[in-house]
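Trainee: Compact mmCIF, C-alpha atoms, file data_27.txt:
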# COMPACT_ATOMS: atom_id res chain seq x y z
CA MET M 383 0.26 -10.42 -47.96
CA LYS M 384 1.70 -6.96 -48.49
CA ILE M 385 1.36 -4.97 -51.72
CA ILE M 386 1.86 -1.37 -52.83
CA CYS M 387 0.25 0.18 -55.90
CA LYS M 388 -0.93 3.51 -57.24
CA LYS M 389 -4.45 4.50 -56.21
CA SER M 390 -5.35 5.07 -59.89
CA ASN M 391 -4.33 1.52 -60.87
CA LEU M 392 -6.18 0.00 -57.92
CA ALA M 393 -9.32 2.08 -58.52
CA LYS M 394 -9.43 1.12 -62.19
CA GLY M 395 -8.99 -2.58 -61.38
CA VAL M 396 -11.65 -2.53 -58.66
CA SER M 397 -14.07 -0.71 -60.97
CA ILE M 398 -13.59 -3.37 -63.68
CA VAL M 399 -14.11 -6.45 -61.51
CA SER M 400 -16.93 -4.92 -59.43
CA LYS M 401 -19.22 -5.44 -62.42
CA ALA M 402 -19.23 -9.18 -61.62
CA VAL M 403 -20.11 -8.80 -57.92
CA PRO M 404 -23.67 -10.10 -57.37
CA SER M 405 -26.24 -7.75 -55.81
CA LYS M 406 -27.91 -10.70 -54.07
CA THR M 407 -26.36 -14.03 -53.19
CA THR M 408 -26.62 -16.80 -50.59
CA MET M 409 -22.82 -17.16 -50.68
CA PRO M 410 -21.18 -14.28 -48.73
CA ILE M 411 -17.76 -15.01 -50.25
CA LEU M 412 -19.13 -13.93 -53.67
CA GLU M 413 -19.79 -10.47 -52.24
CA CYS M 414 -16.01 -10.06 -52.10
CA ILE M 415 -13.23 -9.07 -54.45
CA LEU M 416 -10.27 -11.43 -54.35
CA ILE M 417 -6.80 -9.88 -54.25
CA ASP M 418 -4.34 -12.55 -55.35
CA ALA M 419 -0.63 -11.75 -55.02
CA THR M 420 0.60 -15.35 -54.77
CA ASN M 421 2.53 -15.09 -58.06
CA ASP M 422 4.42 -12.19 -59.63
CA ILE M 423 1.31 -10.20 -60.50
CA ILE M 424 -1.45 -8.53 -58.51
CA ARG M 425 -4.72 -10.00 -59.76
CA LEU M 426 -8.23 -8.85 -58.79
CA THR M 427 -11.20 -11.20 -59.34
CA ALA M 428 -14.98 -11.09 -58.85
CA ASN M 429 -17.40 -13.86 -59.76
CA ASP M 430 -21.18 -14.27 -59.44
CA MET M 431 -21.06 -17.82 -60.91
CA GLU M 432 -22.69 -16.61 -64.15
CA LEU M 433 -20.22 -13.84 -64.96
CA GLY M 434 -16.62 -13.69 -63.74
CA ILE M 435 -14.06 -10.93 -64.31
CA GLN M 436 -10.36 -10.83 -63.46
CA THR M 437 -7.87 -8.08 -64.19
CA ASP M 438 -4.17 -7.61 -63.47
CA ILE M 439 -2.87 -4.32 -62.07
CA GLU M 440 0.60 -2.88 -61.78
CA GLY M 441 2.15 -2.74 -58.33
CA GLU M 442 4.84 -4.10 -56.03
CA ILE M 443 4.47 -7.34 -54.09
CA LEU M 444 6.42 -7.20 -50.83
CA ASP M 445 4.85 -10.32 -49.27
CA ARG M 446 2.93 -12.86 -51.32
CA GLY M 447 -0.56 -13.97 -50.34
CA MET M 448 -4.25 -13.49 -51.06
CA ILE M 449 -7.33 -12.15 -49.34
CA ALA M 450 -11.02 -11.67 -50.13
CA ILE M 451 -12.45 -8.26 -49.13
CA ASP M 452 -16.09 -7.13 -49.10
CA ALA M 453 -16.49 -5.54 -52.53
CA LYS M 454 -18.87 -2.73 -51.57
CA ILE M 455 -16.85 -1.26 -48.73
CA PHE M 456 -13.51 -1.90 -50.46
CA SER M 457 -14.55 -0.08 -53.64
CA GLU M 458 -15.93 2.87 -51.63
CA ILE M 459 -12.70 3.13 -49.61
CA VAL M 460 -10.49 2.96 -52.72
CA ARG M 461 -12.59 5.55 -54.54
CA LYS M 462 -12.23 8.06 -51.69
CA LEU M 463 -8.53 7.56 -50.92
CA PRO M 464 -6.06 10.35 -51.77
CA ASP M 465 -4.40 10.11 -55.20
CA ASN M 466 -1.20 8.49 -53.99
CA GLU M 467 0.38 5.12 -53.25
CA VAL M 468 -1.84 2.60 -51.47
CA LYS M 469 -0.44 -0.11 -49.22
CA ILE M 470 -2.57 -3.18 -48.49
CA GLU M 471 -1.35 -5.75 -45.97
CA THR M 472 -2.91 -8.62 -44.10
CA ASP M 473 -2.06 -10.50 -40.90
CA ASP M 474 -2.60 -14.10 -39.79
CA ASN M 475 -6.06 -13.21 -38.42
CA LEU M 476 -7.34 -12.09 -41.86
CA GLN M 477 -7.27 -8.44 -40.83
CA VAL M 478 -6.68 -6.09 -43.77
CA MET M 479 -4.85 -2.78 -43.31
CA ILE M 480 -5.29 -0.22 -46.10
CA THR M 481 -2.99 2.80 -45.85
CA CYS M 482 -2.74 5.85 -48.11
CA GLU M 483 -0.98 9.00 -46.87
CA LYS M 484 -2.53 9.61 -43.44
CA ALA M 485 -5.66 7.55 -44.08
CA LYS M 486 -5.65 4.10 -42.44
CA PHE M 487 -8.45 1.54 -42.63
CA ASN M 488 -8.77 -1.76 -40.80
CA LEU M 489 -11.15 -4.38 -42.25
CA SER M 490 -11.92 -8.03 -41.72
CA GLY M 491 -11.12 -10.18 -44.71
CA LYS M 492 -12.08 -13.71 -45.72
CA PRO M 493 -9.77 -16.57 -46.73
CA GLY M 494 -8.85 -16.28 -50.39
CA GLU M 495 -8.90 -20.07 -50.69
CA GLU M 496 -12.68 -20.04 -50.22
CA PHE M 497 -13.21 -17.78 -53.25
CA SER M 498 -14.66 -19.24 -56.44
CA TYR M 499 -12.01 -18.86 -59.11
CA LEU M 500 -12.97 -18.32 -62.71
CA PRO M 501 -13.53 -21.65 -64.45
CA VAL M 502 -10.76 -22.90 -66.71
CA ILE M 503 -12.37 -23.11 -70.14
CA GLU M 504 -11.38 -25.69 -72.73
CA LYS M 505 -11.51 -23.27 -75.64
CA ASP M 506 -12.80 -24.81 -78.85
CA GLU M 507 -11.96 -21.90 -81.13
CA SER M 508 -11.61 -18.13 -81.08
CA ILE M 509 -12.16 -15.00 -83.13
CA GLU M 510 -10.49 -11.60 -82.86
CA ILE M 511 -12.10 -8.21 -83.40
CA SER M 512 -11.17 -4.69 -82.33
CA GLN M 513 -12.42 -3.17 -79.11
CA PHE M 514 -14.01 -0.41 -81.16
CA THR M 515 -15.96 -2.88 -83.31
CA LEU M 516 -17.18 -4.97 -80.36
CA LYS M 517 -18.26 -1.88 -78.42
CA GLU M 518 -20.15 -0.58 -81.48
CA ILE M 519 -21.83 -3.93 -82.17
CA ILE M 520 -23.09 -4.09 -78.59
CA ARG M 521 -24.28 -0.46 -78.67
CA GLN M 522 -26.13 -1.04 -81.94
CA THR M 523 -28.02 -4.17 -80.81
CA ILE M 524 -28.30 -4.32 -77.01
CA PHE M 525 -31.35 -2.02 -76.77
CA SER M 526 -33.62 -4.65 -78.32
CA ILE M 527 -33.00 -7.51 -75.89
CA ALA M 528 -35.94 -8.26 -73.58
CA ASP M 529 -35.62 -7.03 -69.99
CA THR M 530 -37.86 -9.78 -68.64
CA GLU M 531 -36.74 -13.24 -67.58
CA SER M 532 -39.97 -14.82 -68.88
CA ASN M 533 -38.12 -15.85 -72.03
CA LYS M 534 -34.46 -16.39 -71.21
CA LEU M 535 -33.40 -16.55 -74.87
CA MET M 536 -34.62 -12.98 -75.44
CA THR M 537 -32.38 -11.67 -72.63
CA GLY M 538 -29.32 -12.68 -74.65
CA GLU M 539 -27.85 -11.95 -78.06
CA LEU M 540 -27.09 -14.53 -80.72
CA PHE M 541 -23.47 -14.54 -81.93
CA GLU M 542 -23.71 -16.47 -85.18
CA ILE M 543 -20.54 -17.27 -87.11
CA ARG M 544 -21.26 -18.43 -90.65
CA ASN M 545 -18.99 -18.34 -93.72
CA ASN M 546 -16.47 -16.20 -91.80
CA VAL M 547 -19.12 -13.58 -91.05
CA LEU M 548 -20.19 -12.70 -87.50
CA ARG M 549 -23.87 -11.77 -87.14
CA VAL M 550 -25.04 -10.43 -83.79
CA ILE M 551 -28.82 -10.58 -83.32
CA SER M 552 -31.15 -9.39 -80.57
CA LEU M 553 -34.95 -9.32 -80.34
CA ASP M 554 -37.68 -8.68 -77.80
CA GLY M 555 -40.86 -9.74 -79.64
CA HIS M 556 -41.54 -6.28 -81.10
CA ARG M 557 -38.30 -5.65 -83.00
CA ILE M 558 -35.10 -7.27 -84.22
CA SER M 559 -31.62 -5.75 -84.42
CA ILE M 560 -28.89 -7.31 -86.55
CA ARG M 561 -25.26 -6.25 -87.07
CA LYS M 562 -22.93 -8.07 -89.43
CA ILE M 563 -19.13 -7.94 -89.78
CA GLU M 564 -16.63 -9.97 -91.78
CA LEU M 565 -13.95 -11.84 -89.82
CA LYS M 566 -10.29 -11.80 -90.87
CA ASP M 567 -9.44 -15.44 -90.13
CA GLU M 568 -11.22 -18.60 -91.14
CA VAL M 569 -13.29 -20.12 -88.34
CA THR M 570 -15.83 -22.91 -88.02
CA ASP M 571 -19.53 -22.01 -88.14
CA ARG M 572 -20.97 -21.62 -84.65
CA LYS M 573 -23.96 -20.25 -82.73
CA LEU M 574 -23.62 -18.84 -79.21
CA ILE M 575 -26.26 -17.08 -77.09
CA VAL M 576 -24.47 -14.54 -74.89
CA PRO M 577 -26.31 -13.02 -71.89
CA GLY M 578 -27.19 -9.37 -72.40
CA LYS M 579 -25.91 -8.58 -68.90
CA THR M 580 -22.45 -9.84 -69.88
CA LEU M 581 -22.38 -7.68 -73.01
CA ILE M 582 -23.56 -4.58 -71.14
CA GLU M 583 -20.77 -4.97 -68.55
CA ILE M 584 -18.12 -5.69 -71.21
CA SER M 585 -19.19 -2.59 -73.11
CA LYS M 586 -18.52 -0.47 -70.00
CA ILE M 587 -14.99 -1.88 -69.65
CA LEU M 588 -13.90 -1.72 -73.31
CA SER M 589 -11.73 1.27 -74.17
CA GLY M 590 -13.19 1.35 -77.69
CA GLU M 591 -9.79 1.79 -79.38
CA ALA M 592 -9.62 0.62 -82.98
CA GLU M 593 -6.04 -0.66 -82.57
CA SER M 594 -6.71 -2.73 -79.41
CA MET M 595 -8.03 -6.22 -80.04
CA VAL M 596 -10.41 -8.49 -78.13
CA ASN M 597 -9.88 -12.24 -78.30
CA ILE M 598 -13.22 -14.04 -78.03
CA SER M 599 -13.00 -17.78 -77.37
CA TYR M 600 -15.77 -20.23 -76.55
CA SER M 601 -16.75 -23.72 -75.52
CA ASN M 602 -20.17 -25.38 -75.36
CA ASN M 603 -21.11 -23.63 -72.11
CA HIS M 604 -18.90 -20.56 -71.79
CA ILE M 605 -17.57 -17.57 -73.70
CA VAL M 606 -14.33 -15.77 -72.79
CA PHE M 607 -13.37 -12.19 -73.70
CA GLU M 608 -9.69 -11.25 -73.22
CA PHE M 609 -8.34 -7.70 -73.59
CA ASN M 610 -6.13 -5.18 -71.75
CA ASN M 611 -4.94 -7.61 -69.00
CA THR M 612 -8.60 -8.40 -68.31
CA VAL M 613 -10.45 -11.69 -68.70
CA VAL M 614 -14.27 -11.90 -68.70
CA VAL M 615 -15.81 -15.38 -68.49
CA SER M 616 -19.54 -15.85 -68.92
CA ARG M 617 -21.91 -18.77 -69.08
CA LEU M 618 -23.82 -19.04 -72.33
CA ILE M 619 -27.61 -19.25 -72.46
CA GLU M 620 -28.71 -22.75 -73.41
CA GLY M 621 -31.33 -23.39 -76.05
CA GLU M 622 -32.17 -22.98 -79.71
CA TYR M 623 -32.37 -19.33 -80.77
CA PHE M 624 -35.29 -18.04 -82.83
CA LYS M 625 -35.25 -18.64 -86.59
CA VAL M 626 -34.71 -14.99 -87.42
CA ASP M 627 -34.06 -15.51 -91.14
CA GLN M 628 -37.67 -16.64 -91.56
CA MET M 629 -38.79 -13.25 -90.22
CA LEU M 630 -36.68 -11.26 -92.69
CA SER M 631 -37.98 -10.33 -96.12
CA SER M 632 -36.56 -8.47 -99.10
CA ASP M 633 -40.04 -7.75 -100.52
CA TYR M 634 -41.48 -4.25 -100.22
CA ASP M 635 -44.24 -2.11 -101.73
CA THR M 636 -42.89 1.20 -100.41
CA LYS M 637 -39.26 2.31 -100.22
CA VAL M 638 -38.37 5.57 -98.51
CA ARG M 639 -34.98 7.34 -98.48
CA ILE M 640 -34.81 10.02 -95.80
CA ASN M 641 -32.34 12.18 -93.88
CA LYS M 642 -31.71 10.29 -90.66
CA ARG M 643 -31.13 13.32 -88.44
CA GLU M 644 -34.34 15.04 -89.61
CA LEU M 645 -36.41 11.92 -88.98
CA LEU M 646 -34.84 11.27 -85.58
CA ASP M 647 -35.25 14.88 -84.42
CA CYS M 648 -38.88 14.95 -85.57
CA ILE M 649 -39.82 11.76 -83.68
CA ASP M 650 -37.86 13.00 -80.66
CA ARG M 651 -39.91 16.23 -80.64
CA ALA M 652 -43.15 14.28 -80.97
CA THR M 653 -42.39 12.23 -77.84
CA LEU M 654 -42.44 15.43 -75.75
CA LEU M 655 -46.22 15.00 -75.78
CA VAL M 656 -46.14 11.42 -74.49
CA LYS M 657 -46.00 10.71 -70.77
CA GLU M 658 -43.75 7.89 -69.62
CA GLY M 659 -45.65 4.61 -69.73
CA ASP M 660 -48.20 6.09 -72.16
CA LYS M 661 -48.37 3.97 -75.32
CA LYS M 662 -49.17 6.55 -77.96
CA PRO M 663 -48.15 5.63 -81.51
CA ILE M 664 -46.56 8.01 -83.96
CA ILE M 665 -48.60 7.99 -87.18
CA ILE M 666 -46.60 8.19 -90.39
CA ASN M 667 -48.32 9.16 -93.64
CA ILE M 668 -46.05 8.49 -96.60
CA GLY M 669 -46.91 10.46 -99.75
CA ASP M 670 -45.09 11.19 -103.00
CA GLU M 671 -42.37 13.57 -101.82
CA VAL M 672 -43.39 14.15 -98.23
CA MET M 673 -43.67 12.09 -95.07
CA GLU M 674 -46.08 13.50 -92.49
CA LEU M 675 -45.58 12.48 -88.86
CA ARG M 676 -48.23 13.16 -86.25
CA ILE M 677 -48.93 12.26 -82.66
CA LYS M 678 -51.85 13.01 -80.35
CA SER M 679 -52.04 12.59 -76.58
CA GLN M 680 -53.81 14.07 -73.55
CA ILE M 681 -51.13 16.77 -73.45
CA GLY M 682 -51.65 17.92 -77.02
CA SER M 683 -50.90 17.07 -80.63
CA MET M 684 -48.14 17.66 -83.15
CA ASN M 685 -47.62 17.14 -86.85
CA GLU M 686 -44.60 17.77 -89.03
CA GLU M 687 -43.58 17.11 -92.63
CA ILE M 688 -40.23 15.88 -93.96
CA PHE M 689 -39.14 15.71 -97.60
CA ILE M 690 -38.41 12.17 -98.76
CA ASN M 691 -37.42 10.17 -101.81
CA LYS M 692 -40.11 7.52 -102.30
CA GLU M 693 -40.57 4.52 -104.55
CA GLY M 694 -43.84 2.58 -104.62
CA LYS M 695 -47.18 3.04 -102.87
CA ASP M 696 -48.44 5.65 -100.42
CA LEU M 697 -48.84 4.28 -96.89
CA LEU M 698 -50.37 5.17 -93.54
CA ILE M 699 -48.71 3.28 -90.66
CA GLY M 700 -48.16 3.62 -86.90
CA PHE M 701 -45.17 2.78 -84.69
CA ASN M 702 -44.03 2.90 -81.10
CA PRO M 703 -41.84 6.04 -81.37
CA LYS M 704 -39.26 4.69 -78.91
CA PHE M 705 -38.47 1.74 -81.19
CA LEU M 706 -37.78 4.05 -84.13
CA ILE M 707 -35.64 6.35 -81.98
CA ASP M 708 -33.57 3.45 -80.57
CA ALA M 709 -32.71 2.20 -84.06
CA LEU M 710 -32.06 5.59 -85.66
CA ARG M 711 -29.79 6.72 -82.81
CA VAL M 712 -27.25 3.95 -83.44
CA ILE M 713 -27.12 4.22 -87.24
CA GLU M 714 -24.12 6.28 -88.40
CA ASP M 715 -25.33 6.87 -91.98
CA GLU M 716 -26.47 10.35 -93.00
CA GLU M 717 -29.46 8.92 -94.87
CA VAL M 718 -31.49 5.81 -94.09
CA THR M 719 -33.73 3.61 -96.22
CA LEU M 720 -37.05 2.25 -94.96
CA TYR M 721 -38.69 -0.74 -96.64
CA LEU M 722 -42.42 -1.29 -95.99
CA MET M 723 -45.22 -3.55 -97.27
CA ASN M 724 -48.44 -2.46 -95.58
CA ALA M 725 -49.80 -1.09 -92.28
CA LYS M 726 -49.59 -4.50 -90.59
CA ALA M 727 -46.22 -5.73 -91.88
CA PRO M 728 -42.87 -4.89 -90.28
CA CYS M 729 -40.73 -1.96 -91.36
CA PHE M 730 -37.11 -2.72 -92.26
CA ILE M 731 -34.35 -0.14 -91.89
CA LYS M 732 -31.18 -1.41 -93.57
CA ASP M 733 -28.22 -0.42 -95.73
CA ASN M 734 -27.41 -1.90 -99.14
CA GLU M 735 -24.83 -4.35 -97.76
CA GLU M 736 -27.17 -5.30 -94.89
CA SER M 737 -24.34 -4.65 -92.42
CA TYR M 738 -27.23 -3.54 -90.20
CA ILE M 739 -30.91 -4.51 -90.27
CA TYR M 740 -33.57 -3.19 -87.91
CA LEU M 741 -37.03 -4.77 -88.07
CA ILE M 742 -39.80 -2.90 -86.25
CA LEU M 743 -43.38 -4.15 -85.98
CA PRO M 744 -46.11 -1.56 -86.52
CA VAL M 745 -48.89 -0.89 -84.01
CA ASN M 746 -52.63 -0.61 -84.51
CA PHE M 747 -54.04 2.89 -84.43
CA ASN M 748 -57.23 4.75 -85.10
CA ALA M 749 -56.91 6.36 -88.54
CA ALA M 750 -59.11 9.23 -87.34
CA MET M 751 -56.43 10.35 -84.87
So, in terms of structure tokens, how does the structure I just supplied come out?
Mentor:
Amino acid sequence: MKIICKKSNLAKGVSIVSKAVPSKTTMPILECILIDATNDIIRLTANDMELGIQTDIEGEILDRGMIAIDAKIFSEIVRKLPDNEVKIETDDNLQVMITCEKAKFNLSGKPGEEFSYLPVIEKDESIEISQFTLKEIIRQTIFSIADTESNKLMTGELFEIRNNVLRVISLDGHRISIRKIELKDEVTDRKLIVPGKTLIEISKILSGEAESMVNISYSNNHIVFEFNNTVVVSRLIEGEYFKVDQMLSSDYDTKVRINKRELLDCIDRATLLVKEGDKKPIIINIGDEVMELRIKSQIGSMNEEIFINKEGKDLLIGFNPKFLIDALRVIEDEEVTLYLMNAKAPCFIKDNEESYIYLILPVNFNAAM
């Protein structure tokens, strides 16, 4: 094999596929990136058997062939090469020569035939949304997946297609995040549980352009994202997702309209007094025209008042401040509306169309704080 390509093209391709290289594996071949130049395109692939990514890069193929190269060392070499043309060639002994200007590297490769190609998916159906929309949906929900493997379902997000509406749902036992968008084309109702890891890596690759589209297709076991000469294939999480609709309620005794930036900044300031790992609640006292927020820790205490528009009853309630911050940070609206029942019922933050819903459970606190 002998190929020539720009360093920038190669570096971008390697960066994309590296996200599917496993950190630990019993199969050394999976620690490699496959360079496949057997056809008329240069294709890079990485695959950890749960998540696989392939991307095509521009370049010239002088001799066809393929080789698998250790991903870690290859990506480091490519990153530090001069910004010029890179030549990669292999010999019959699987030796790889990488040349760029005066820099020359010699590495041992592995047979490309041993590499695990991405599975060919029998696609049942597909939907299309913009890169911008997908990136935003992930950003606005991914923070509330669980980071523990004790409940596999909580480490993924539910993609629910119903009546031509896509709802993306995540939860971790303390909060729920929901984003909803209407789809352009008619598609069959479907539920898919997509691993959070897959969505995090896709989010890093997406350009976020509103004009560029992502084609999302799926089968019973896999989901495929195709965009910008890149294909991402992921296994789905098996199982029945939680019945989230049963946890949602439109009832409330207290409704609060408040400036989002003021509320976010106030909670952010309050957390200055909380050490990492310290579970100190922020106490919110909702009155007629004012919301008082206070926090007390070993470091000190703080209280602040914000003007609000309130309907319904006064309320004293406590929350994990991080959960409020996470939700408020991803809402684009200038003002937000909070719906509450009592000190032990969840708080809902949502817009009128319910294009987003954030449910946050309150925490117990000592009212004398």
Trainee: Using only C-alpha atoms, can you tell me which of M:Glu658, M:Glu687, M:Asp708, M:Glu674 comes closest to M:Ile527?
Mentor: M:Asp708
Trainee: Find the distance between atom CA of M:Val468 and atom CA of M:Leu392 and write it in Å to one decimal.
Mentor: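 Interatomic distance, atom CA of M:Val468 to atom CA of M:Leu392: 8.2 Å.
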Trainee: M:Leu476: which residues within 8 Å, counting all atoms listed in the file, same-chain residues fewer than 4 positions away excluded, as a list in words?
Mentor: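 Skipping anything fewer than 4 positions along the chain leaves Ile449, Thr472, Ser490, Gly491, Lys492 and Pro493 of chain M.
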Trainee: Compare M:Glu510, M:Glu467, M:Asp635, M:Asp660 by their minimum atom-to-atom distance to M:Lys678, counting only C-alpha atoms, and give me the closest one.
Mentor: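 The answer is M:Asp660, which sits nearest to M:Lys678.
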Trainee: Skipping near chain neighbours, those fewer than 5 positions away, what residues fall within 7 Å of stretch 415-428 of chain M using only C-alpha atoms, listed as a ChimeraX atom specification?
Mentor: /M:395,399-400,402-403,434-441,443,446-453,494
Trainee: Measuring atom to atom with only C-alpha atoms, identify which of M:Asn533, M:Thr408, M:Ser397, M:Asn603 is nearest to M:Lys454.
Mentor: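 Counting only C-alpha atoms, the residue closest to M:Lys454 is M:Ser397.
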Trainee: Excluding same-chain residues fewer than 4 positions from stretch 605-620 of chain M, what lies within 7 Å of it counting all atoms listed in the file, as a ChimeraX atom specification?
Mentor: /M:432-438,535,574-577,580,595-601
Trainee: Which residue, M:Leu588, M:Ser679, M:Pro663, M:Cys729, has the smallest gap to M:Gly700 when you use all atoms listed in the file?
Mentor: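 Closest to M:Gly700, using all atoms listed in the file: M:Pro663.
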Trainee: Considering only C-alpha atoms, can you say which of M:Asp633, M:Glu717, M:Glu644, M:Asp554 comes closest to M:Ala528?
Mentor: M:Asp554
Trainee: Quick check, in Å to one decimal: how far apart do atom CA of M:Asp567 and atom CA of M:Thr515 lie?
Mentor: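 Between atom CA of M:Asp567 and atom CA of M:Thr515 the gap works out to 15.7 Å.
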Trainee: Between M:Asp627, M:Lys704, M:Gly682, M:Ser457, which is the closest to M:Gly659 once you count all atoms listed in the file?
Mentor: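 Of all the options, M:Lys704 lies closest to M:Gly659.
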Trainee: What's the 8 Å shell around M:Arg557, counting all atoms listed in the file, without same-chain residues fewer than 2 positions away, as a short mmCIF file (atom, residue, chain, number, x, y, z; two decimals) with C-alpha atoms, in the frame of the given file?
Mentor:
data_model
loop_
_atom_site.label_atom_id
_atom_site.label_comp_id
_atom_site.auth_asym_id
_atom_site.auth_seq_id
_atom_site.Cartn_x
_atom_site.Cartn_y
_atom_site.Cartn_z
CA SER M 526 -33.62 -4.65 -78.32
CA LEU M 553 -34.95 -9.32 -80.34
CA ASP M 554 -37.68 -8.68 -77.80
CA GLY M 555 -40.86 -9.74 -79.64
CA SER M 559 -31.62 -5.75 -84.42
CA PHE M 705 -38.47 1.74 -81.19
CA TYR M 740 -33.57 -3.19 -87.91
CA LEU M 741 -37.03 -4.77 -88.07
CA ILE M 742 -39.80 -2.90 -86.25
CA LEU M 743 -43.38 -4.15 -85.98
#
Trainee: Taking 5 positions as the minimum chain separation for residues in the same chain, which residues sit within 9 Å of M:Ser594 when counting only C-alpha atoms? Answer as a ChimeraX atom specification.
Mentor: /M:511-514,589,609-610
Trainee: So which residues are close to (-19.0, -6.2, -67.0), meaning at most 7 Å away in the file's coordinates with only C-alpha atoms counted, and can you show them as a list in words?
Mentor: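 Every polymer residue passing the test: Ile398, Lys401, Ala402, Thr580, Ile582, Glu583, Ile584, Lys586 and Ile587 of chain M.
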